[in-house]
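work-v8.tsv follows; it contains TSV, C-alpha atoms.
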chain	number	residue	atom	x	y	z
A	1	MET	CA	-16.47	8.46	19.87
A	2	SER	CA	-17.88	5.01	19.29
A	3	GLY	CA	-20.05	6.57	16.57
A	4	ILE	CA	-16.95	7.75	14.72
A	5	VAL	CA	-15.34	4.31	15.03
A	6	ALA	CA	-18.48	2.67	13.62
A	7	LEU	CA	-18.60	5.24	10.80
A	8	PHE	CA	-14.97	4.52	9.87
A	9	LEU	CA	-15.72	0.80	9.87
A	10	ILE	CA	-18.70	1.29	7.56
A	11	ILE	CA	-16.72	3.49	5.12
A	12	GLY	CA	-13.86	0.99	5.11
A	13	ILE	CA	-16.14	-1.97	4.48
A	14	ALA	CA	-17.94	-0.10	1.69
A	15	PHE	CA	-14.70	0.62	-0.17
A	16	ASN	CA	-13.40	-2.91	0.38
A	17	CYS	CA	-16.67	-4.24	-1.05
A	18	LEU	CA	-16.13	-1.99	-4.07
A	19	GLY	CA	-12.70	-3.52	-4.57
A	20	ALA	CA	-14.20	-7.02	-4.59
A	21	ILE	CA	-16.84	-5.96	-7.12
A	22	ALA	CA	-14.18	-4.28	-9.28
A	23	LEU	CA	-12.39	-7.63	-9.61
A	24	TYR	CA	-15.46	-9.01	-11.41
A	25	ARG	CA	-16.70	-5.90	-13.18
A	26	PHE	CA	-13.65	-4.88	-15.23
A	27	PRO	CA	-12.50	-6.64	-18.43
A	28	ASP	CA	-8.73	-7.06	-18.13
A	29	VAL	CA	-5.92	-7.36	-15.62
A	30	TYR	CA	-4.85	-3.68	-15.63
A	31	THR	CA	-8.29	-2.24	-14.95
A	32	ARG	CA	-8.84	-4.90	-12.29
A	33	LEU	CA	-5.62	-3.81	-10.64
A	34	HIS	CA	-6.89	-0.21	-10.69
A	35	GLY	CA	-10.04	-1.12	-8.84
A	36	ALA	CA	-8.55	-3.69	-6.50
A	37	THR	CA	-5.48	-1.73	-5.41
A	38	LYS	CA	-7.05	1.68	-4.88
A	39	ALA	CA	-10.28	0.57	-3.29
A	40	THR	CA	-8.78	-2.03	-0.95
A	41	THR	CA	-5.95	0.28	0.17
A	42	PHE	CA	-8.36	3.11	0.91
A	43	GLY	CA	-10.82	0.77	2.65
A	44	SER	CA	-8.07	-0.80	4.75
A	45	ILE	CA	-6.88	2.66	5.82
A	46	PHE	CA	-10.34	3.34	7.23
A	47	THR	CA	-10.80	-0.02	8.98
A	48	SER	CA	-7.31	0.30	10.52
A	49	LEU	CA	-7.99	3.90	11.57
A	50	ALA	CA	-11.11	2.66	13.32
A	51	VAL	CA	-8.97	0.20	15.31
A	52	VAL	CA	-6.36	2.91	16.08
A	53	LEU	CA	-9.05	5.29	17.31
A	54	TYR	CA	-10.67	2.53	19.37
A	55	GLY	CA	-7.33	1.59	20.94
A	56	PHE	CA	-6.39	5.14	21.90
A	57	THR	CA	-9.84	5.95	23.32
A	58	LYS	CA	-9.93	2.76	25.37
A	59	TRP	CA	-6.43	3.56	26.61
A	60	ALA	CA	-7.52	7.04	27.64
A	61	TYR	CA	-10.56	5.67	29.51
A	62	THR	CA	-9.15	2.54	31.17
A	63	GLY	CA	-5.41	3.35	31.31
A	64	GLU	CA	-4.50	-0.23	30.40
A	65	PRO	CA	-1.31	-0.19	28.28
A	66	ARG	CA	-2.38	-3.08	26.04
A	67	PHE	CA	-4.85	-0.83	24.22
A	68	CYS	CA	-2.05	1.62	23.44
A	69	VAL	CA	0.00	-1.29	22.08
A	70	LEU	CA	-2.95	-2.34	19.94
A	71	ALA	CA	-3.22	1.14	18.43
A	72	VAL	CA	0.53	1.55	17.80
A	73	HIS	CA	0.85	-1.87	16.19
A	74	ALA	CA	-2.22	-1.19	14.05
A	75	ILE	CA	-0.47	1.97	12.80
A	76	LEU	CA	2.61	-0.11	11.94
A	77	ALA	CA	0.52	-2.68	10.07
A	78	LEU	CA	-1.21	0.15	8.19
A	79	ILE	CA	2.16	1.63	7.17
A	80	ALA	CA	3.35	-1.80	5.98
A	81	LEU	CA	0.16	-2.17	3.92
A	82	LEU	CA	0.48	1.34	2.44
A	83	LEU	CA	4.09	0.78	1.37
A	84	THR	CA	3.67	-2.71	-0.07
A	85	ASN	CA	0.32	-2.49	-1.85
A	86	PRO	CA	1.12	-0.05	-4.70
A	87	THR	CA	4.56	-1.62	-5.19
A	88	GLY	CA	3.02	-5.07	-5.55
A	89	ALA	CA	0.46	-3.73	-8.01
A	90	HIS	CA	3.23	-2.15	-10.06
A	91	ALA	CA	5.18	-5.44	-10.08
A	92	ILE	CA	2.12	-7.39	-11.26
A	93	ALA	CA	1.32	-4.84	-13.99
A	94	ARG	CA	4.89	-4.88	-15.28
A	95	ALA	CA	5.06	-8.68	-15.22
A	96	ALA	CA	1.70	-8.93	-17.01
A	97	HIS	CA	2.85	-6.61	-19.77
A	98	ARG	CA	6.20	-8.34	-20.19
A	99	SER	CA	4.58	-11.77	-20.29
A	100	GLY	CA	2.43	-10.61	-23.20
A	101	VAL	CA	-0.99	-9.79	-21.70
A	102	MET	CA	-2.12	-6.69	-23.59
A	103	PRO	CA	-4.73	-4.24	-22.23
A	104	LYS	CA	-8.17	-4.85	-23.72
A	105	ARG	CA	-10.06	-2.03	-25.45
A	106	ALA	CA	-6.94	0.13	-25.25
A	107	VAL	CA	-6.83	3.28	-27.39
A	108	VAL	CA	-3.04	3.67	-27.11
A	109	ASP	CA	-0.16	1.53	-25.85
A	110	LYS	CA	3.17	3.37	-25.87
A	111	LEU	CA	4.95	0.55	-24.07
A	112	ALA	CA	4.02	-2.03	-26.72
A	113	GLU	CA	4.99	0.53	-29.37
A	114	ARG	CA	8.45	0.69	-27.89
A	115	GLU	CA	8.70	-3.07	-27.96
A	116	GLY	CA	7.28	-3.21	-31.48
A	117	LYS	CA	4.18	-5.24	-30.60
A	118	TRP	CA	1.45	-2.68	-31.34
B	1	MET	CA	30.52	3.20	7.88
B	2	GLY	CA	28.10	6.05	8.54
B	3	SER	CA	25.29	4.28	6.72
B	4	TYR	CA	25.70	1.20	8.97
B	5	VAL	CA	25.39	3.39	12.07
B	6	VAL	CA	22.27	5.10	10.74
B	7	VAL	CA	20.56	1.80	9.90
B	8	THR	CA	21.49	0.35	13.31
B	9	ILE	CA	19.99	3.33	15.14
B	10	LEU	CA	16.82	3.20	13.03
B	11	SER	CA	16.47	-0.56	13.64
B	12	TYR	CA	16.83	0.00	17.39
B	13	LEU	CA	14.12	2.68	17.33
B	14	PHE	CA	11.85	0.32	15.37
B	15	TYR	CA	12.50	-2.44	17.91
B	16	LEU	CA	11.56	-0.03	20.69
B	17	ILE	CA	8.24	0.77	18.97
B	18	LEU	CA	7.48	-2.94	18.58
B	19	THR	CA	8.18	-3.77	22.23
B	20	MET	CA	6.41	-0.73	23.67
B	21	SER	CA	4.77	-0.85	27.12
B	22	SER	CA	6.15	-4.24	28.08
B	23	GLY	CA	7.24	-3.47	31.61
B	24	ASP	CA	8.92	-1.66	34.46
B	25	LEU	CA	11.22	1.05	33.06
B	26	GLY	CA	8.71	3.61	31.91
B	27	LEU	CA	7.15	2.11	28.81
B	28	TRP	CA	9.85	-0.52	28.30
B	29	SER	CA	11.31	-3.34	30.37
B	30	SER	CA	15.07	-3.31	30.98
B	31	SER	CA	15.62	-6.74	29.40
B	32	GLU	CA	13.95	-5.60	26.15
B	33	LEU	CA	16.20	-2.53	26.06
B	34	VAL	CA	19.30	-4.75	26.36
B	35	VAL	CA	18.20	-7.46	23.92
B	36	GLY	CA	17.35	-4.82	21.33
B	37	ILE	CA	20.99	-3.77	20.97
B	38	PRO	CA	22.43	-7.00	19.42
B	39	VAL	CA	19.32	-7.40	17.27
B	40	ALA	CA	19.75	-3.85	15.94
B	41	LEU	CA	23.47	-4.47	15.32
B	42	VAL	CA	22.72	-7.56	13.23
B	43	ALA	CA	20.03	-5.70	11.28
B	44	GLY	CA	22.41	-2.79	10.72
B	45	LEU	CA	25.15	-5.08	9.41
B	46	ALA	CA	22.73	-6.86	7.09
B	47	GLY	CA	20.97	-3.78	5.72
B	48	GLY	CA	23.55	-1.03	6.01
B	49	ARG	CA	24.59	-1.22	2.37
B	50	VAL	CA	21.11	-0.24	1.19
B	51	PHE	CA	21.32	3.17	2.81
B	52	GLY	CA	23.38	5.63	0.75
B	53	GLU	CA	23.22	3.38	-2.28
B	54	TYR	CA	19.46	3.29	-2.93
B	55	VAL	CA	18.24	5.66	-0.22
B	56	PRO	CA	19.91	9.08	-0.51
B	57	ALA	CA	21.43	10.51	2.67
B	58	SER	CA	19.50	13.77	2.21
B	59	LEU	CA	16.42	11.94	3.55
B	60	LEU	CA	17.78	12.42	7.09
B	61	ASN	CA	16.83	16.11	6.85
B	62	PRO	CA	13.88	16.68	9.26
B	63	ILE	CA	12.38	19.39	7.01
B	64	LYS	CA	11.76	16.64	4.43
B	65	TRP	CA	9.92	14.58	7.05
B	66	VAL	CA	7.61	17.50	7.83
B	67	LEU	CA	7.04	18.02	4.10
B	68	PHE	CA	6.38	14.29	3.73
B	69	LEU	CA	3.81	14.24	6.53
B	70	TYR	CA	2.09	17.30	5.06
B	71	TYR	CA	2.12	15.64	1.64
B	72	VAL	CA	0.62	12.39	2.92
B	73	PHE	CA	-2.15	13.99	4.94
B	74	VAL	CA	-3.22	16.85	2.65
B	75	PRO	CA	-2.60	16.63	-1.15
B	76	PHE	CA	-2.10	12.88	-1.30
B	77	PHE	CA	-5.08	11.99	0.85
B	78	ILE	CA	-7.37	14.30	-1.13
B	79	ALA	CA	-6.16	12.77	-4.41
B	80	MET	CA	-6.72	9.30	-2.99
B	81	ALA	CA	-10.27	10.09	-1.90
B	82	LYS	CA	-10.98	11.47	-5.38
B	83	ALA	CA	-9.44	8.35	-6.91
B	84	ASN	CA	-11.75	6.11	-4.95
B	85	ILE	CA	-14.88	8.03	-5.84
B	86	ASP	CA	-13.71	7.90	-9.45
B	87	VAL	CA	-13.17	4.12	-9.26
B	88	ALA	CA	-16.57	3.74	-7.57
B	89	MET	CA	-18.27	5.54	-10.47
B	90	ARG	CA	-16.42	3.40	-13.00
B	91	VAL	CA	-17.30	0.19	-11.19
B	92	LEU	CA	-20.96	1.15	-11.15
B	93	THR	CA	-21.21	2.49	-14.72
B	94	GLY	CA	-18.52	0.36	-16.40
B	95	LYS	CA	-17.28	3.31	-18.48
B	96	ILE	CA	-13.61	2.90	-19.37
B	97	ASN	CA	-11.31	4.19	-22.09
B	98	PRO	CA	-7.92	2.75	-21.15
B	99	GLY	CA	-4.46	3.02	-22.63
B	100	ILE	CA	-0.80	3.09	-21.71
B	101	VAL	CA	0.87	6.50	-22.09
B	102	ARG	CA	4.39	7.72	-21.48
B	103	ILE	CA	5.10	10.66	-19.19
B	104	LYS	CA	8.33	12.54	-18.68
B	105	THR	CA	9.20	12.83	-15.01
B	106	GLY	CA	12.57	14.63	-15.04
B	107	LEU	CA	13.59	12.81	-11.83
B	108	LYS	CA	17.11	11.50	-11.38
B	109	LYS	CA	17.20	9.23	-8.33
B	110	SER	CA	15.59	5.81	-8.04
B	111	MET	CA	14.14	6.71	-4.63
B	112	SER	CA	12.15	9.69	-5.91
B	113	LEU	CA	11.03	7.64	-8.92
B	114	THR	CA	9.74	4.91	-6.58
B	115	PHE	CA	7.96	7.56	-4.55
B	116	LEU	CA	6.32	9.01	-7.67
B	117	ALA	CA	5.34	5.60	-9.07
B	118	ASN	CA	3.66	4.61	-5.81
B	119	SER	CA	1.85	7.95	-5.62
B	120	ILE	CA	0.64	7.56	-9.20
B	121	THR	CA	-0.68	4.06	-8.52
B	122	LEU	CA	-2.88	5.29	-5.67
B	123	THR	CA	-4.21	8.46	-7.32
B	124	PRO	CA	-7.09	8.98	-9.77
B	125	GLY	CA	-7.28	6.79	-12.84
B	126	THR	CA	-3.60	5.90	-13.16
B	127	LEU	CA	-1.42	2.84	-12.57
B	128	SER	CA	2.33	2.82	-13.21
B	129	VAL	CA	3.29	-0.13	-15.42
B	130	ASP	CA	6.93	0.22	-16.39
B	131	VAL	CA	9.89	2.57	-16.25
B	132	ASP	CA	12.35	3.52	-18.97
B	133	GLU	CA	15.63	3.10	-17.15
B	134	GLU	CA	17.65	5.45	-19.36
B	135	SER	CA	15.45	8.53	-19.35
B	136	ASN	CA	13.53	7.72	-16.12
B	137	ASP	CA	10.20	8.12	-17.94
B	138	LEU	CA	7.19	6.26	-16.59
B	139	TYR	CA	4.73	4.20	-18.59
B	140	VAL	CA	1.34	4.76	-17.00
B	141	HIS	CA	-1.86	2.82	-17.54
B	142	TRP	CA	-4.48	5.56	-17.72
B	143	ILE	CA	-8.07	4.42	-17.37
B	144	ASP	CA	-9.57	7.42	-19.15
B	145	VAL	CA	-7.25	8.54	-21.95
B	146	LYS	CA	-7.92	12.12	-22.99
B	147	ASN	CA	-4.69	12.80	-24.88
B	148	ILE	CA	-2.35	10.29	-26.49
B	149	GLU	CA	0.82	12.22	-25.61
B	150	PRO	CA	-0.06	14.00	-22.37
B	151	GLU	CA	1.93	16.42	-20.24
B	152	PRO	CA	2.78	15.07	-16.75
B	153	ALA	CA	0.42	17.62	-15.20
B	154	GLU	CA	-2.57	16.15	-17.05
B	155	VAL	CA	-1.95	12.68	-15.65
B	156	CYS	CA	-0.64	13.20	-12.15
B	157	GLY	CA	-0.92	16.90	-11.25
B	158	ASP	CA	2.08	18.31	-9.39
B	159	PHE	CA	3.29	15.00	-7.94
B	160	PRO	CA	6.66	15.06	-9.79
B	161	GLN	CA	7.49	18.35	-8.05
B	162	TRP	CA	6.53	16.88	-4.69
B	163	ALA	CA	8.64	13.80	-5.36
B	164	ARG	CA	11.61	16.00	-6.22
B	165	ARG	CA	11.16	18.14	-3.12
B	166	ILE	CA	10.74	15.21	-0.71
B	167	ALA	CA	12.76	12.27	-1.98
B	168	GLU	CA	15.71	13.76	-3.83
C	1	MET	CA	-19.51	3.14	26.45
C	2	MET	CA	-17.49	1.60	23.61
C	3	GLU	CA	-19.27	-1.73	23.28
C	4	LEU	CA	-17.93	-2.14	19.78
C	5	GLY	CA	-16.92	-5.81	19.80
C	6	GLY	CA	-19.91	-6.76	17.65
C	7	TRP	CA	-19.14	-4.07	15.07
C	8	PHE	CA	-15.54	-5.18	14.73
C	9	MET	CA	-16.60	-8.81	14.53
C	10	MET	CA	-19.08	-8.07	11.74
C	11	ALA	CA	-16.53	-6.01	9.80
C	12	GLY	CA	-14.00	-8.83	10.08
C	13	VAL	CA	-16.48	-11.44	8.84
C	14	LEU	CA	-17.42	-9.21	5.88
C	15	LEU	CA	-13.73	-8.79	5.02
C	16	VAL	CA	-13.35	-12.58	5.03
C	17	VAL	CA	-16.34	-12.84	2.66
C	18	PHE	CA	-14.64	-10.37	0.28
C	19	GLY	CA	-11.54	-12.52	0.59
C	20	PHE	CA	-13.54	-15.46	-0.75
C	21	LEU	CA	-14.66	-13.27	-3.69
C	22	ALA	CA	-10.97	-12.58	-4.42
C	23	VAL	CA	-10.30	-16.34	-4.33
C	24	GLY	CA	-13.10	-16.68	-6.89
C	25	ARG	CA	-11.23	-14.30	-9.19
C	26	SER	CA	-8.11	-16.43	-8.73
C	27	ALA	CA	-10.05	-19.56	-9.66
C	28	LEU	CA	-11.72	-18.00	-12.72
C	29	GLY	CA	-8.59	-16.53	-14.23
C	30	PRO	CA	-8.55	-16.36	-17.28
C	31	THR	CA	-4.87	-15.30	-17.57
C	32	VAL	CA	-2.16	-15.94	-14.99
C	33	PRO	CA	-1.76	-12.23	-14.03
C	34	ASP	CA	-5.52	-12.18	-13.29
C	35	ARG	CA	-5.01	-14.96	-10.78
C	36	VAL	CA	-2.11	-13.05	-9.20
C	37	VAL	CA	-4.32	-9.97	-8.87
C	38	GLY	CA	-6.85	-12.11	-7.00
C	39	LEU	CA	-4.11	-13.39	-4.69
C	40	ASP	CA	-2.77	-9.89	-4.01
C	41	THR	CA	-6.25	-8.60	-3.20
C	42	LEU	CA	-6.82	-11.59	-0.91
C	43	ASN	CA	-3.63	-10.69	0.99
C	44	THR	CA	-4.86	-7.14	1.56
C	45	TYR	CA	-8.20	-8.41	2.84
C	46	VAL	CA	-6.52	-10.88	5.19
C	47	VAL	CA	-4.32	-8.16	6.69
C	48	ALA	CA	-7.27	-5.78	7.12
C	49	ALA	CA	-9.37	-8.57	8.66
C	50	MET	CA	-6.57	-9.52	11.08
C	51	ILE	CA	-6.28	-5.92	12.33
C	52	VAL	CA	-10.05	-5.73	12.87
C	53	PHE	CA	-10.13	-9.13	14.62
C	54	GLY	CA	-7.31	-7.93	16.87
C	55	ALA	CA	-9.67	-5.24	18.13
C	56	ALA	CA	-12.67	-7.60	18.25
C	57	PHE	CA	-10.90	-10.19	20.44
C	58	ASP	CA	-8.79	-7.60	22.33
C	59	SER	CA	-5.53	-9.35	21.58
C	60	VAL	CA	-2.51	-7.64	20.07
C	61	ILE	CA	-1.00	-10.84	18.65
C	62	TYR	CA	-3.40	-10.68	15.67
C	63	VAL	CA	-2.03	-7.27	14.72
C	64	ASP	CA	1.58	-8.42	15.12
C	65	ILE	CA	0.93	-11.31	12.80
C	66	ALA	CA	-0.78	-8.93	10.37
C	67	ILE	CA	2.45	-6.88	10.13
C	68	VAL	CA	4.54	-9.97	9.37
C	69	TYR	CA	1.92	-11.32	6.97
C	70	ALA	CA	1.79	-8.03	5.04
C	71	LEU	CA	5.57	-7.97	4.56
C	72	LEU	CA	5.87	-11.67	3.66
C	73	SER	CA	2.95	-11.61	1.21
C	74	PHE	CA	4.58	-8.63	-0.47
C	75	VAL	CA	7.76	-10.66	-0.99
C	76	ALA	CA	5.66	-13.54	-2.36
C	77	THR	CA	3.92	-11.21	-4.84
C	78	LEU	CA	7.26	-9.84	-6.01
C	79	PHE	CA	8.58	-13.35	-6.54
C	80	ILE	CA	5.54	-14.42	-8.55
C	81	ALA	CA	5.80	-11.25	-10.66
C	82	ARG	CA	9.47	-11.91	-11.31
C	83	TYR	CA	8.70	-15.50	-12.25
C	84	LEU	CA	6.07	-14.32	-14.75
C	85	GLU	CA	8.57	-11.94	-16.31
C	86	ARG	CA	11.42	-14.29	-17.07
C	87	GLY	CA	11.27	-17.53	-15.10
C	88	LEU	CA	13.03	-18.16	-11.82

Take the structure from the file and write it as structure tokens.
Amino acid sequence: MSGIVALFLIIGIAFNCLGAIALYRFPDVYTRLHGATKATTFGSIFTSLAVVLYGFTKWAYTGEPRFCVLAVHAILALIALLLTNPTGAHAIARAAHRSGVMPKRAVVDKLAEREGKW
Amino acid sequence: MGSYVVVTILSYLFYLILTMSSGDLGLWSSSELVVGIPVALVAGLAGGRVFGEYVPASLLNPIKWVLFLYYVFVPFFIAMAKANIDVAMRVLTGKINPGIVRIKTGLKKSMSLTFLANSITLTPGTLSVDVDEESNDLYVHWIDVKNIEPEPAEVCGDFPQWARRIAE
Amino acid sequence: MMELGGWFMMAGVLLVVFGFLAVGRSALGPTVPDRVVGLDTLNTYVVAAMIVFGAAFDSVIYVDIAIVYALLSFVATLFIARYLERGL
């Protein structure tokens, strides 16, 4: 079981690392949002799942209720993260476009066409 | 009136989850059970209006919850894993061909549109940027544009159908 | 069995390092939305790190604070986005 927890941690850290690299690797705000949002959300799911798994296993072995609480609250934090992350990304993308930051190297921009900026 | 009751009950259940395994009465202590009631009433009064206005009442149907859980753990999780491998390849190679395209969703309620927009943001190569409030069409930033006027299925698979089934 | 404290600790420290990388993006810019993206990513890393530290130090309070932090940082992001769109 501890092997699975460690594996989840490693996967989560790898994807989170990818998100941090994506912030520097991509040319404009939209592509950065792509990398940052997807990779960090997926990575955080795995690190949180590692904590949930750890909490439930410890609870099963020792019977101390605080490990169960740890796991349940980690699930709640994970749900909060999953609901808020894509919504925040959407808000930033919309605000960026409305404040006049256009996507670089774009082949098509229907939204700017509607607003007559393309 | 009904919406206030529903929100109050949901707030009380949420309070119970947060104060789990605090004491003597099974998993909960008796004082927590009592204190939760006024807290849930205040939360219900404050947030009751939201339910029914933005969140449709059909979401109380348990079949939709089962569908939702299936959706999150099977098609959505697979799409998300694909998305991350895709992003990983793009981060390593730096190959992008971005653009903002418009897709027709055919959804009517704001809740299902929110659901679809969030799904799109977390799945391969797409990021929802804006919504046309009259026709409920989404403007999607697509990192690898293959077609300037794509069908919804090209961009986001069968997610609009799922959104209609679950959130409408 | 389950001597995983060191693993959790290391994962948390790495997440904090990635958080500093996100701060670097915020400092470099160049446009304002770029800085907001850095901030948003930093928030995600902080929440993930808090959950992992909760397991590393065996205390639930870290995870509780992570829940509140996630919700409040979301509100902050929405406010900044709204401000960028049309002022307060």

- Message: If we draw a sphere of 6 Å around (11.4, 10.9, -2.4), which residues have at least one atom in it when counting only C-alpha atoms? Please report them as a VMD selection string.
- Response: chain B and resid 111 to 112 115 163 166 to 168

- With a cut-off of 8 Å and counting all atoms listed in the file, select all residues of chain A in contact with chain B and give the selection as a PyMOL selection string. chain A and resi 15+18+21-22+25-26+30-31+34-35+37-39+42+65-66+69+72-73+86-87+89-91+93-94+97+103+105-111

Could you write those residues out with C-alpha atoms, as a PDB file, in the coordinates of the input?
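Saved to result-v4.pdb:
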ATOM      1  CA  PHE A  15     -14.700   0.620  -0.170  1.00  0.00           C
ATOM      2  CA  LEU A  18     -16.130  -1.990  -4.070  1.00  0.00           C
ATOM      3  CA  ILE A  21     -16.840  -5.960  -7.120  1.00  0.00           C
ATOM      4  CA  ALA A  22     -14.180  -4.280  -9.280  1.00  0.00           C
ATOM      5  CA  ARG A  25     -16.700  -5.900 -13.180  1.00  0.00           C
ATOM      6  CA  PHE A  26     -13.650  -4.880 -15.230  1.00  0.00           C
ATOM      7  CA  TYR A  30      -4.850  -3.680 -15.630  1.00  0.00           C
ATOM      8  CA  THR A  31      -8.290  -2.240 -14.950  1.00  0.00           C
ATOM      9  CA  HIS A  34      -6.890  -0.210 -10.690  1.00  0.00           C
ATOM     10  CA  GLY A  35     -10.040  -1.120  -8.840  1.00  0.00           C
ATOM     11  CA  THR A  37      -5.480  -1.730  -5.410  1.00  0.00           C
ATOM     12  CA  LYS A  38      -7.050   1.680  -4.880  1.00  0.00           C
ATOM     13  CA  ALA A  39     -10.280   0.570  -3.290  1.00  0.00           C
ATOM     14  CA  PHE A  42      -8.360   3.110   0.910  1.00  0.00           C
ATOM     15  CA  PRO A  65      -1.310  -0.190  28.280  1.00  0.00           C
ATOM     16  CA  ARG A  66      -2.380  -3.080  26.040  1.00  0.00           C
ATOM     17  CA  VAL A  69       0.000  -1.290  22.080  1.00  0.00           C
ATOM     18  CA  VAL A  72       0.530   1.550  17.800  1.00  0.00           C
ATOM     19  CA  HIS A  73       0.850  -1.870  16.190  1.00  0.00           C
ATOM     20  CA  PRO A  86       1.120  -0.050  -4.700  1.00  0.00           C
ATOM     21  CA  THR A  87       4.560  -1.620  -5.190  1.00  0.00           C
ATOM     22  CA  ALA A  89       0.460  -3.730  -8.010  1.00  0.00           C
ATOM     23  CA  HIS A  90       3.230  -2.150 -10.060  1.00  0.00           C
ATOM     24  CA  ALA A  91       5.180  -5.440 -10.080  1.00  0.00           C
ATOM     25  CA  ALA A  93       1.320  -4.840 -13.990  1.00  0.00           C
ATOM     26  CA  ARG A  94       4.890  -4.880 -15.280  1.00  0.00           C
ATOM     27  CA  HIS A  97       2.850  -6.610 -19.770  1.00  0.00           C
ATOM     28  CA  PRO A 103      -4.730  -4.240 -22.230  1.00  0.00           C
ATOM     29  CA  ARG A 105     -10.060  -2.030 -25.450  1.00  0.00           C
ATOM     30  CA  ALA A 106      -6.940   0.130 -25.250  1.00  0.00           C
ATOM     31  CA  VAL A 107      -6.830   3.280 -27.390  1.00  0.00           C
ATOM     32  CA  VAL A 108      -3.040   3.670 -27.110  1.00  0.00           C
ATOM     33  CA  ASP A 109      -0.160   1.530 -25.850  1.00  0.00           C
ATOM     34  CA  LYS A 110       3.170   3.370 -25.870  1.00  0.00           C
ATOM     35  CA  LEU A 111       4.950   0.550 -24.070  1.00  0.00           C
TER      36      LEU A 111
END

- Message: Give me the residues near range 40-45 of chain C as a PyMOL selection string, where near means some atom within 7 Å (using all atoms listed in the file) and where sequence neighbours in that chain fewer than 2 positions away do not count.
- Response: (chain A and resi 36+40) or (chain C and resi 15-16+19+22-23+36-38+47-49+73+77)

- Item | Straight-line distance linking CA of Pro27 in chain A with CA of Asp34 in chain C, stated in Å to one decimal |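 It comes out at 10.3 Å.
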
- Can you work out the spacing between CA of Val63 in chain C and CA of Val51 in chain A in Å, to one decimal?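 For CA of Val63 in chain C relative to CA of Val51 in chain A, the distance reads 10.2 Å.
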
Taking 6 positions as the minimum chain separation for residues in the same chain, which residues sit within 9 Å of range 34-49 of chain B when counting all atoms listed in the file? Answer as a tab-separated table (two decimals) with C-alpha atoms, in the frame of the given file.
chain	number	residue	atom	x	y	z
B	1	MET	CA	30.52	3.20	7.88
B	2	GLY	CA	28.10	6.05	8.54
B	3	SER	CA	25.29	4.28	6.72
B	4	TYR	CA	25.70	1.20	8.97
B	5	VAL	CA	25.39	3.39	12.07
B	6	VAL	CA	22.27	5.10	10.74
B	7	VAL	CA	20.56	1.80	9.90
B	8	THR	CA	21.49	0.35	13.31
B	9	ILE	CA	19.99	3.33	15.14
B	10	LEU	CA	16.82	3.20	13.03
B	11	SER	CA	16.47	-0.56	13.64
B	12	TYR	CA	16.83	0.00	17.39
B	13	LEU	CA	14.12	2.68	17.33
B	14	PHE	CA	11.85	0.32	15.37
B	15	TYR	CA	12.50	-2.44	17.91
B	16	LEU	CA	11.56	-0.03	20.69
